[in-house]
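So this block is input-v6.txt, compact mmCIF, C-alpha atoms:
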# COMPACT_ATOMS: atom_id res chain seq x y z
CA MET A 1 -18.08 -9.92 -39.82
CA LYS A 2 -15.92 -7.10 -38.47
CA GLN A 3 -13.88 -6.84 -35.27
CA THR A 4 -11.25 -4.51 -33.81
CA VAL A 5 -8.46 -5.38 -31.37
CA ARG A 6 -6.09 -2.98 -29.65
CA SER A 7 -2.73 -4.01 -28.26
CA PRO A 8 -0.40 -1.70 -26.31
CA GLY A 9 3.33 -1.33 -26.71
CA SER A 10 5.77 -1.87 -23.87
CA ALA A 11 8.86 -0.26 -22.39
CA THR A 12 12.02 -2.09 -21.41
CA ILE A 13 13.15 -2.80 -17.88
CA ILE A 14 15.71 -5.47 -18.90
CA ASN A 15 16.66 -6.10 -22.52
CA ALA A 16 16.86 -9.89 -22.96
CA ILE A 17 19.36 -9.98 -25.82
CA ALA A 18 22.46 -10.30 -23.61
CA THR A 19 21.24 -13.06 -21.28
CA GLY A 20 17.94 -14.46 -22.53
CA PHE A 21 16.13 -13.05 -19.48
CA GLY A 22 14.07 -9.89 -19.79
CA SER A 23 11.53 -7.57 -18.23
CA ALA A 24 9.08 -5.01 -19.61
CA PHE A 25 5.88 -3.16 -18.78
CA GLY A 26 2.88 -2.10 -20.82
CA ILE A 27 2.45 1.52 -21.92
CA GLY A 28 -0.59 3.37 -23.21
CA LEU A 29 0.53 3.73 -26.83
CA ASN A 30 -1.09 1.07 -28.96
CA ILE A 31 -1.85 -0.53 -32.28
CA ARG A 32 -5.46 -1.04 -33.33
CA CYS A 33 -6.20 -3.74 -35.87
CA GLU A 34 -9.55 -3.68 -37.66
CA ALA A 35 -10.40 -6.90 -39.49
CA LYS A 36 -13.33 -8.08 -41.57
CA SER A 37 -14.06 -11.38 -43.25
CA THR A 38 -14.09 -11.52 -47.05
CA GLY A 39 -14.80 -14.10 -49.73
CA ASN A 40 -11.19 -15.20 -50.16
CA SER A 41 -7.54 -14.05 -49.94
CA ILE A 42 -5.62 -12.17 -47.26
CA THR A 43 -5.15 -8.42 -47.63
CA CYS A 44 -3.17 -6.30 -45.17
CA SER A 45 -2.48 -2.58 -44.88
CA ASN A 46 -1.19 -0.15 -42.25
CA ASP A 47 -1.13 3.58 -41.67
CA VAL A 48 2.65 3.95 -41.31
CA GLY A 49 3.82 2.56 -44.64
CA ALA A 50 5.54 -0.45 -43.05
CA ASP A 51 6.21 -3.69 -44.90
CA ASN A 52 3.23 -6.06 -44.60
CA THR A 53 5.27 -9.28 -44.28
CA LEU A 54 4.75 -9.62 -40.51
CA MET A 55 1.02 -8.99 -40.83
CA GLU A 56 0.67 -11.63 -43.54
CA LEU A 57 2.73 -14.20 -41.61
CA CYS A 58 0.53 -13.71 -38.53
CA VAL A 59 -2.66 -14.31 -40.51
CA GLU A 60 -1.23 -17.31 -42.36
CA LYS A 61 -0.20 -18.97 -39.09
CA VAL A 62 -3.73 -18.61 -37.73
CA PHE A 63 -5.23 -19.94 -40.97
CA ASN A 64 -2.86 -22.92 -40.86
CA HIS A 65 -3.72 -23.61 -37.22
CA TYR A 66 -7.41 -23.91 -38.10
CA GLY A 67 -6.84 -25.56 -41.48
CA ILE A 68 -8.51 -22.67 -43.32
CA ASP A 69 -7.96 -22.41 -47.09
CA LYS A 70 -7.44 -18.75 -48.03
CA ASN A 71 -8.92 -19.53 -51.46
CA GLU A 72 -12.23 -20.31 -49.74
CA PHE A 73 -12.23 -17.75 -46.92
CA GLY A 74 -10.50 -14.42 -46.62
CA ILE A 75 -9.76 -11.58 -44.26
CA ASP A 76 -8.94 -7.91 -44.71
CA LEU A 77 -6.85 -6.23 -42.00
CA LYS A 78 -5.90 -2.63 -41.38
CA THR A 79 -3.75 -1.37 -38.52
CA GLU A 80 -3.60 2.13 -37.06
CA SER A 81 -0.85 3.03 -34.61
CA SER A 82 -0.17 5.61 -31.92
CA LEU A 83 2.98 3.61 -31.22
CA PRO A 84 6.16 4.75 -33.00
CA MET A 85 7.64 2.07 -35.25
CA ALA A 86 11.22 0.75 -34.90
CA SER A 87 11.76 2.67 -31.69
CA GLY A 88 12.23 0.02 -29.01
CA LEU A 89 8.62 0.21 -27.79
CA SER A 90 7.50 -3.25 -28.96
CA SER A 91 5.59 -2.14 -32.04
CA SER A 92 6.18 -5.53 -33.70
CA SER A 93 4.92 -7.41 -30.63
CA ALA A 94 1.85 -5.18 -30.34
CA SER A 95 1.07 -5.56 -34.03
CA SER A 96 1.48 -9.33 -34.14
CA ASN A 97 -0.52 -9.81 -30.92
CA ALA A 98 -3.40 -7.74 -32.28
CA ILE A 99 -3.40 -9.45 -35.68
CA VAL A 100 -3.26 -13.01 -34.35
CA LYS A 101 -5.97 -12.30 -31.77
CA VAL A 102 -8.41 -10.63 -34.15
CA THR A 103 -7.87 -13.26 -36.87
CA SER A 104 -8.45 -16.09 -34.38
CA SER A 105 -11.58 -14.36 -33.06
CA ILE A 106 -13.12 -13.92 -36.50
CA ILE A 107 -12.32 -17.45 -37.66
CA SER A 108 -13.59 -19.04 -34.43
CA GLU A 109 -16.91 -17.19 -34.76
CA GLU A 110 -17.30 -17.81 -38.49
CA PHE A 111 -16.64 -21.54 -38.20
CA ASN A 112 -17.86 -22.18 -34.62
CA LEU A 113 -14.36 -23.12 -33.41
CA ASN A 114 -12.52 -22.42 -30.18
CA PRO A 115 -10.50 -19.18 -30.22
CA LEU A 116 -6.81 -19.37 -29.38
CA ASP A 117 -6.11 -18.99 -25.67
CA ASP A 118 -3.92 -16.14 -24.44
CA LEU A 119 -0.57 -17.92 -24.54
CA GLU A 120 -1.39 -19.55 -27.88
CA VAL A 121 -1.91 -16.04 -29.29
CA VAL A 122 1.37 -14.82 -27.79
CA ASN A 123 3.41 -17.80 -28.97
CA MET A 124 1.97 -17.71 -32.48
CA ALA A 125 2.69 -13.97 -32.65
CA ILE A 126 6.27 -14.54 -31.48
CA ASP A 127 6.79 -17.29 -34.07
CA ALA A 128 5.59 -14.94 -36.81
CA SER A 129 7.92 -12.17 -35.56
CA LEU A 130 10.88 -14.58 -35.59
CA ASP A 131 10.01 -15.72 -39.12
CA ALA A 132 9.77 -12.08 -40.22
CA GLY A 133 13.18 -11.30 -38.68
CA VAL A 134 11.89 -8.38 -36.59
CA THR A 135 13.11 -9.81 -33.27
CA ILE A 136 16.34 -11.42 -32.06
CA THR A 137 15.22 -13.26 -28.90
CA GLY A 138 11.54 -13.77 -29.74
CA SER A 139 10.81 -11.02 -27.21
CA PHE A 140 8.62 -13.05 -24.87
CA ASP A 141 8.99 -10.21 -22.35
CA ASP A 142 7.81 -7.54 -24.81
CA ALA A 143 5.08 -9.76 -26.24
CA THR A 144 3.59 -10.64 -22.86
CA ALA A 145 3.86 -7.10 -21.45
CA SER A 146 1.98 -5.99 -24.56
CA TYR A 147 -0.60 -8.78 -24.42
CA PHE A 148 -1.32 -8.88 -20.69
CA GLY A 149 -0.35 -5.34 -19.71
CA GLY A 150 1.34 -4.69 -16.38
CA VAL A 151 4.92 -5.75 -15.70
CA VAL A 152 6.58 -9.05 -16.55
CA VAL A 153 9.92 -10.66 -15.75
CA THR A 154 10.58 -13.55 -18.09
CA ASP A 155 12.79 -16.41 -19.24
CA ASN A 156 12.69 -15.66 -22.96
CA LYS A 157 14.49 -18.81 -24.07
CA ASN A 158 11.86 -21.06 -22.50
CA ARG A 159 9.01 -18.56 -22.85
CA GLU A 160 8.19 -18.71 -19.15
CA PHE A 161 7.11 -16.13 -16.58
CA ILE A 162 9.20 -15.41 -13.51
CA ILE A 163 6.95 -12.53 -12.42
CA ARG A 164 3.71 -11.23 -13.91
CA GLU A 165 1.79 -8.53 -12.03
CA GLU A 166 0.09 -5.18 -12.39
CA MET A 167 2.26 -2.08 -12.68
CA GLU A 168 1.56 0.88 -10.45
CA ASP A 169 -0.02 3.72 -12.41
CA TYR A 170 2.61 6.28 -13.42
CA PRO A 171 2.92 8.93 -16.11
CA ILE A 172 5.43 7.84 -18.75
CA LEU A 173 7.42 10.15 -21.00
CA VAL A 174 8.98 8.85 -24.20
CA TYR A 175 11.78 10.73 -25.92
CA MET A 176 11.82 10.00 -29.64
CA PRO A 177 14.89 11.14 -31.61
CA ASN A 178 14.63 11.85 -35.31
CA PHE A 179 15.84 8.41 -36.36
CA TYR A 180 14.84 4.76 -35.96
CA SER A 181 16.62 1.61 -34.89
CA LYS A 182 15.25 -1.80 -35.93
CA SER A 183 15.75 -4.61 -33.40
CA GLY A 184 16.51 -7.13 -36.13
CA ASP A 185 19.44 -5.00 -37.34
CA SER A 186 21.24 -4.97 -33.95
CA ASN A 187 24.46 -6.87 -33.21
CA PRO A 188 23.63 -9.44 -30.51
CA GLU A 189 27.25 -10.58 -30.08
CA ARG A 190 28.29 -7.10 -29.04
CA MET A 191 25.46 -6.91 -26.53
CA LYS A 192 26.34 -10.31 -25.04
CA LEU A 193 29.77 -8.99 -24.08
CA LEU A 194 28.13 -7.13 -21.21
CA ALA A 195 26.03 -10.08 -20.02
CA PRO A 196 27.54 -10.10 -16.48
CA LEU A 197 26.46 -6.49 -15.97
CA VAL A 198 23.00 -7.17 -17.36
CA GLU A 199 22.70 -10.11 -14.96
CA THR A 200 23.23 -7.66 -12.10
CA ALA A 201 20.44 -5.46 -13.44
CA PHE A 202 18.22 -8.51 -13.87
CA GLY A 203 18.76 -9.38 -10.21
CA PHE A 204 17.07 -6.09 -9.32
CA ALA A 205 14.13 -6.93 -11.59
CA LYS A 206 13.69 -10.38 -10.01
CA ASN A 207 13.51 -8.64 -6.63
CA LYS A 208 10.85 -6.28 -8.04
CA ASP A 209 13.20 -3.32 -7.84
CA TYR A 210 12.07 -2.43 -11.34
CA PHE A 211 13.23 1.17 -11.46
CA LYS A 212 16.78 0.43 -10.37
CA ALA A 213 16.85 -2.35 -12.97
CA LEU A 214 15.56 0.00 -15.68
CA ASN A 215 18.18 2.64 -14.87
CA LEU A 216 21.10 0.21 -14.92
CA ASN A 217 19.92 -1.68 -18.01
CA GLY A 218 19.54 1.61 -19.87
CA LEU A 219 23.08 2.71 -19.08
CA ILE A 220 24.54 -0.66 -20.11
CA TYR A 221 22.76 -0.88 -23.44
CA SER A 222 23.23 2.80 -24.25
CA ALA A 223 26.99 2.30 -23.91
CA THR A 224 26.90 -0.90 -25.96
CA LEU A 225 24.74 0.48 -28.77
CA GLY A 226 26.21 3.97 -28.95
CA PHE A 227 23.25 5.98 -27.63
CA ASP A 228 23.68 9.08 -25.49
CA SER A 229 23.08 8.06 -21.87
CA SER A 230 22.90 11.75 -20.94
CA ILE A 231 19.30 11.66 -22.12
CA ALA A 232 18.37 9.31 -19.27
CA ILE A 233 20.63 11.04 -16.74
CA ASP A 234 19.11 14.43 -17.59
CA ALA A 235 15.65 12.98 -16.92
CA LEU A 236 16.77 11.60 -13.54
CA GLU A 237 18.35 14.92 -12.63
CA ALA A 238 15.05 16.64 -13.48
CA GLY A 239 13.14 14.40 -11.10
CA ALA A 240 12.27 11.24 -13.05
CA ILE A 241 11.77 8.13 -10.92
CA ALA A 242 13.56 6.02 -13.55
CA SER A 243 14.82 6.51 -17.09
CA GLY A 244 16.63 4.47 -19.71
CA LEU A 245 16.92 3.25 -23.27
CA SER A 246 13.98 1.09 -24.36
CA GLY A 247 14.76 -2.05 -26.34
CA THR A 248 17.64 -1.45 -28.71
CA GLY A 249 16.56 2.16 -29.14
CA SER A 250 16.08 4.65 -30.41
CA SER A 251 13.58 5.80 -27.76
CA PHE A 252 14.24 6.58 -24.12
CA VAL A 253 11.51 6.26 -21.50
CA ALA A 254 11.13 8.04 -18.20
CA VAL A 255 8.84 6.99 -15.37
CA VAL A 256 7.80 10.22 -13.70
CA SER A 257 5.52 11.68 -11.04
CA GLU A 258 2.76 14.12 -11.93
CA GLU A 259 4.88 16.89 -10.42
CA SER A 260 8.00 16.15 -12.47
CA ILE A 261 6.44 15.85 -15.95
CA ASP A 262 7.19 19.41 -17.04
CA ASP A 263 10.71 19.42 -15.57
CA VAL A 264 11.66 16.20 -17.38
CA LYS A 265 10.16 17.45 -20.65
CA GLU A 266 12.17 20.66 -20.26
CA SER A 267 15.37 18.67 -19.66
CA TRP A 268 14.81 16.92 -23.01
CA ALA A 269 13.97 20.10 -24.94
CA LYS A 270 17.61 20.57 -25.97
CA TYR A 271 17.61 17.26 -27.88
CA GLU A 272 16.33 17.02 -31.43
CA GLY A 273 13.19 14.94 -31.59
CA SER A 274 9.85 14.81 -29.81
CA VAL A 275 8.42 13.82 -26.44
CA ILE A 276 5.29 11.68 -26.09
CA GLU A 277 3.21 11.59 -22.91
CA THR A 278 1.43 8.38 -21.91
CA ARG A 279 0.91 6.17 -18.85
CA THR A 280 1.52 2.62 -17.75
CA ASP A 281 -0.98 0.11 -19.16
CA ASN A 282 -2.49 -2.79 -17.20
CA ASP A 283 -5.25 -3.67 -19.66
CA GLY A 284 -3.24 -5.37 -22.39
CA CYS A 285 -4.57 -6.71 -25.67
CA MET A 286 -8.35 -6.67 -25.99
CA ILE A 287 -11.25 -6.88 -28.41
CA LEU A 288 -12.99 -3.51 -28.62
When written as structure tokens, how does the structure in this file appear?
Amino acid sequence: MKQTVRSPGSATIINAIATGFGSAFGIGLNIRCEAKSTGNSITCSNDVGADNTLMELCVEKVFNHYGIDKNEFGIDLKTESSLPMASGLSSSSASSNAIVKVTSSIISEEFNLNPLDDLEVVNMAIDASLDAGVTITGSFDDATASYFGGVVVTDNKNREFIIREEMEDYPILVYMPNFYSKSGDSNPERMKLLAPLVETAFGFAKNKDYFKALNLNGLIYSATLGFDSSIAIDALEAGAIASGLSGTGSSFVAVVSEESIDDVKESWAKYEGSVIETRTDNDGCMIL
């Protein structure tokens, strides 16, 4: 049996590290996971040369949930990504969501069992990401924006939704510098120093003023983490609707109109790196 699942990345509105409350929205860059059943053992590979620990942990958690012995049943997984790794665009969440979902789907069909429901997939994927050390907060906001698409505002500590709704369709520009920044390597204590300011930004998100929240959050975390906030300000000056640091970097996102795409891209041309064009995503994680 063979199946393929795609799961999009997400962009940050509010980074949850400082307060435990976050917000994110789905974007049209994704990870595709192709899986097929085998006689025994778990084999994982990816197209970006990343460590396979997270992939293996995701599969093992699904096997354990169903009581499947990997010596008696196996699965082979391969991921392909249009989503930059270690860039603040929820690549770990997208990958773990896709892997847990496709593994559950194959096992449930092979053994005539019930597949995991949506939140079971998300929570199992988060648990694997925490075990792998690729997230600090568990990233319930990133994981659910990736899985469900649209925009979410969340209580990450309790893994609960405050808001979950579709995101208006906008072009999204992503500035990618020539270096990466892993979430698990960040200093959470430094980020928590600015919690009162992040709480102000989160207030905007709770009131669905997502773009104001994104702008303020980006400035706060850029200052805390040592990124150049001029990147976001240049985008705003060129006509972006909103712009800010995504996750703990290194990428910046800009929500733009069709008319401002070229102007914002031109404003970023002076920075070393690349610009990716995509759109908001309301489809989320799905079997193809």
Which residue is closest to Ile220 in chain A? Choose from A:Ile13, A:Gly28, A:Glu109, A:Met176 and count all atoms listed in the file.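 Answer, going by the shortest atom-to-atom distance: A:Ile13.
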Using all atoms listed in the file, the residue out of A:Ile42, A:Ala240, A:Cys33, A:Ala125 with shortest distance to Lys78 in chain A is A:Cys33
Spatial neighbours of Leu173 in chain A, max dist 12 Å, only C-alpha atoms, sep filter under 6 positions, as number ranges by chain: A: 11, 27-29, 232, 235, 240-246, 251-258, 260-268, 274-280
In terms of the shortest atom-to-atom distance over only C-alpha atoms, which of A:Leu216, A:Leu193, A:Leu130, A:Leu225 is closest to Leu54 in chain A?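 Residue with the minimum atom-to-atom distance to Leu54 in chain A: A:Leu130.
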What is the CA of Lys2 in chain A-CA of Asp142 in chain A distance in Å, reported with one decimal?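 About the pair CA of Lys2 in chain A and CA of Asp142 in chain A: they are 27.4 Å apart.
Minimum atom-to-atom distance to Glu110 in chain A, evaluated using all atoms listed in the file, belongs to A:Met1 out of A:Leu194, A:Met1, A:Leu57, A:Ala24.
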Find the residues near Glu34 in chain A: any atom within 8 Å, counting only C-alpha atoms, skip ones fewer than 3 places away on the same chain, and give them as a ChimeraX atom specification. /A:2-5,77-79,102
Suppose you want the space between CA of Val62 in chain A and CA of Ile106 in chain A; what is it in Å?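 According to the coordinates, CA of Val62 in chain A and CA of Ile106 in chain A are separated by 10.6 Å.
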For Ser10 in chain A, which residue among A:Ser81, A:Ser90, A:Asn46, A:Ser222 is the nearest when counting all atoms listed in the file?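 That would be A:Ser90, the residue with the smallest distance to Ser10 in chain A.
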Residues near Ile99 in chain A, cut-off 7 Å, only C-alpha atoms, skip fewer than 6 positions along chain, as an mmCIF file with C-alpha atoms, in the frame of the given file:
data_model
loop_
_atom_site.group_PDB
_atom_site.id
_atom_site.type_symbol
_atom_site.label_atom_id
_atom_site.label_comp_id
_atom_site.auth_asym_id
_atom_site.auth_seq_id
_atom_site.Cartn_x
_atom_site.Cartn_y
_atom_site.Cartn_z
ATOM 1 C CA CYS A 33 -6.200 -3.740 -35.870
ATOM 2 C CA MET A 55 1.020 -8.990 -40.830
ATOM 3 C CA CYS A 58 0.530 -13.710 -38.530
ATOM 4 C CA VAL A 59 -2.660 -14.310 -40.510
#
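Taking all atoms listed in the file into account, the residues near (24.1, -2.7, -21.0), no farther than 8 Å, are Met191, Leu194, Ala195, Leu197, Val198, Leu216, Asn217, Gly218, Leu219, Ile220, Tyr221, Ser222, Ala223 and Thr224 of chain A.
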Write out, as a tab-separated table, each residue of range 185-227 of chain A that has an atom at most 12 Å from range 19-23 of chain A, together with the closest pair of atoms and their distance in Å to one decimal, counting only C-alpha atoms, rows going by chain and rising number.
residue	atom	partner	partner_atom	distance
A:Pro188	CA	A:Thr19	CA	10.2
A:Glu189	CA	A:Thr19	CA	10.9
A:Met191	CA	A:Thr19	CA	9.1
A:Lys192	CA	A:Thr19	CA	6.9
A:Leu193	CA	A:Thr19	CA	9.9
A:Leu194	CA	A:Thr19	CA	9.1
A:Ala195	CA	A:Thr19	CA	5.8
A:Pro196	CA	A:Thr19	CA	8.5
A:Leu197	CA	A:Thr19	CA	9.9
A:Val198	CA	A:Thr19	CA	7.3
A:Glu199	CA	A:Thr19	CA	7.1
A:Thr200	CA	A:Thr19	CA	10.8
A:Ala201	CA	A:Gly22	CA	10.0
A:Phe202	CA	A:Gly22	CA	7.4
A:Gly203	CA	A:Phe21	CA	10.3
A:Phe204	CA	A:Ser23	CA	10.6
A:Ala205	CA	A:Ser23	CA	7.2
A:Lys206	CA	A:Ser23	CA	9.0
A:Asn207	CA	A:Ser23	CA	11.8
A:Lys208	CA	A:Ser23	CA	10.3
A:Asp209	CA	A:Ser23	CA	11.3
A:Tyr210	CA	A:Ser23	CA	8.6
A:Phe211	CA	A:Ser23	CA	11.2
A:Ala213	CA	A:Ser23	CA	9.1
A:Leu214	CA	A:Ser23	CA	8.9
A:Asn217	CA	A:Gly22	CA	10.2
Using the selection just defined, write its residues with C-alpha atoms as an mmCIF file, in the coordinates of the input.
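Output file result05.cif is given in full below:
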data_model
loop_
_atom_site.group_PDB
_atom_site.id
_atom_site.type_symbol
_atom_site.label_atom_id
_atom_site.label_comp_id
_atom_site.auth_asym_id
_atom_site.auth_seq_id
_atom_site.Cartn_x
_atom_site.Cartn_y
_atom_site.Cartn_z
ATOM 1 C CA PRO A 188 23.630 -9.440 -30.510
ATOM 2 C CA GLU A 189 27.250 -10.580 -30.080
ATOM 3 C CA MET A 191 25.460 -6.910 -26.530
ATOM 4 C CA LYS A 192 26.340 -10.310 -25.040
ATOM 5 C CA LEU A 193 29.770 -8.990 -24.080
ATOM 6 C CA LEU A 194 28.130 -7.130 -21.210
ATOM 7 C CA ALA A 195 26.030 -10.080 -20.020
ATOM 8 C CA PRO A 196 27.540 -10.100 -16.480
ATOM 9 C CA LEU A 197 26.460 -6.490 -15.970
ATOM 10 C CA VAL A 198 23.000 -7.170 -17.360
ATOM 11 C CA GLU A 199 22.700 -10.110 -14.960
ATOM 12 C CA THR A 200 23.230 -7.660 -12.100
ATOM 13 C CA ALA A 201 20.440 -5.460 -13.440
ATOM 14 C CA PHE A 202 18.220 -8.510 -13.870
ATOM 15 C CA GLY A 203 18.760 -9.380 -10.210
ATOM 16 C CA PHE A 204 17.070 -6.090 -9.320
ATOM 17 C CA ALA A 205 14.130 -6.930 -11.590
ATOM 18 C CA LYS A 206 13.690 -10.380 -10.010
ATOM 19 C CA ASN A 207 13.510 -8.640 -6.630
ATOM 20 C CA LYS A 208 10.850 -6.280 -8.040
ATOM 21 C CA ASP A 209 13.200 -3.320 -7.840
ATOM 22 C CA TYR A 210 12.070 -2.430 -11.340
ATOM 23 C CA PHE A 211 13.230 1.170 -11.460
ATOM 24 C CA ALA A 213 16.850 -2.350 -12.970
ATOM 25 C CA LEU A 214 15.560 0.000 -15.680
ATOM 26 C CA ASN A 217 19.920 -1.680 -18.010
#
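Comparing the minimum interatomic distances between Phe140 in chain A and each of A:Ala86, A:Ala94, A:Leu116, A:Ile231, counting only C-alpha atoms, we find that A:Ala94 sits nearest.
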My structure is short of atoms at range 161-177 of chain A; please model N, CA, C and O atoms there, returning them as a CSV table (one decimal), in the frame of the given file.
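This went into rebuild.csv:
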chain,number,residue,atom,x,y,z
A,161,PHE,N,7.2,-17.3,-17.5
A,161,PHE,CA,7.1,-16.1,-16.6
A,161,PHE,C,7.9,-16.4,-15.3
A,161,PHE,O,7.9,-17.5,-14.8
A,162,ILE,N,8.6,-15.4,-14.8
A,162,ILE,CA,9.2,-15.4,-13.5
A,162,ILE,C,8.3,-14.6,-12.6
A,162,ILE,O,8.0,-15.0,-11.5
A,163,ILE,N,7.9,-13.4,-13.1
A,163,ILE,CA,7.0,-12.5,-12.4
A,163,ILE,C,6.0,-12.0,-13.5
A,163,ILE,O,6.4,-11.7,-14.6
A,164,ARG,N,4.7,-11.9,-13.1
A,164,ARG,CA,3.7,-11.2,-13.9
A,164,ARG,C,2.7,-10.6,-12.9
A,164,ARG,O,2.1,-11.3,-12.2
A,165,GLU,N,2.7,-9.2,-13.0
A,165,GLU,CA,1.8,-8.5,-12.0
A,165,GLU,C,1.4,-7.2,-12.6
A,165,GLU,O,2.0,-6.7,-13.6
A,166,GLU,N,0.5,-6.5,-12.0
A,166,GLU,CA,0.1,-5.2,-12.4
A,166,GLU,C,1.2,-4.2,-12.1
A,166,GLU,O,2.0,-4.4,-11.1
A,167,MET,N,1.3,-3.2,-12.9
A,167,MET,CA,2.3,-2.1,-12.7
A,167,MET,C,1.5,-0.9,-12.0
A,167,MET,O,0.4,-0.6,-12.4
A,168,GLU,N,2.2,-0.3,-11.1
A,168,GLU,CA,1.6,0.9,-10.4
A,168,GLU,C,1.4,2.0,-11.5
A,168,GLU,O,2.2,2.1,-12.4
A,169,ASP,N,0.3,2.7,-11.4
A,169,ASP,CA,0.0,3.7,-12.4
A,169,ASP,C,0.9,4.9,-12.3
A,169,ASP,O,1.0,5.6,-11.3
A,170,TYR,N,1.7,5.2,-13.4
A,170,TYR,CA,2.6,6.3,-13.4
A,170,TYR,C,2.5,7.0,-14.8
A,170,TYR,O,2.2,6.3,-15.8
A,171,PRO,N,2.7,8.3,-14.8
A,171,PRO,CA,2.9,8.9,-16.1
A,171,PRO,C,4.2,8.4,-16.7
A,171,PRO,O,5.2,8.2,-16.0
A,172,ILE,N,4.2,8.3,-18.0
A,172,ILE,CA,5.4,7.8,-18.8
A,172,ILE,C,5.7,8.9,-19.8
A,172,ILE,O,4.8,9.2,-20.6
A,173,LEU,N,7.0,9.3,-19.9
A,173,LEU,CA,7.4,10.2,-21.0
A,173,LEU,C,8.3,9.4,-21.9
A,173,LEU,O,9.2,8.6,-21.4
A,174,VAL,N,8.2,9.5,-23.2
A,174,VAL,CA,9.0,8.8,-24.2
A,174,VAL,C,9.7,9.9,-25.0
A,174,VAL,O,9.0,10.7,-25.7
A,175,TYR,N,11.0,9.9,-25.0
A,175,TYR,CA,11.8,10.7,-25.9
A,175,TYR,C,12.1,10.0,-27.2
A,175,TYR,O,12.6,8.9,-27.2
A,176,MET,N,11.6,10.6,-28.3
A,176,MET,CA,11.8,10.0,-29.6
A,176,MET,C,12.8,10.9,-30.5
A,176,MET,O,12.4,12.0,-30.9
A,177,PRO,N,14.0,10.4,-30.7
A,177,PRO,CA,14.9,11.1,-31.6
A,177,PRO,C,14.4,11.1,-33.0
A,177,PRO,O,13.4,10.3,-33.3
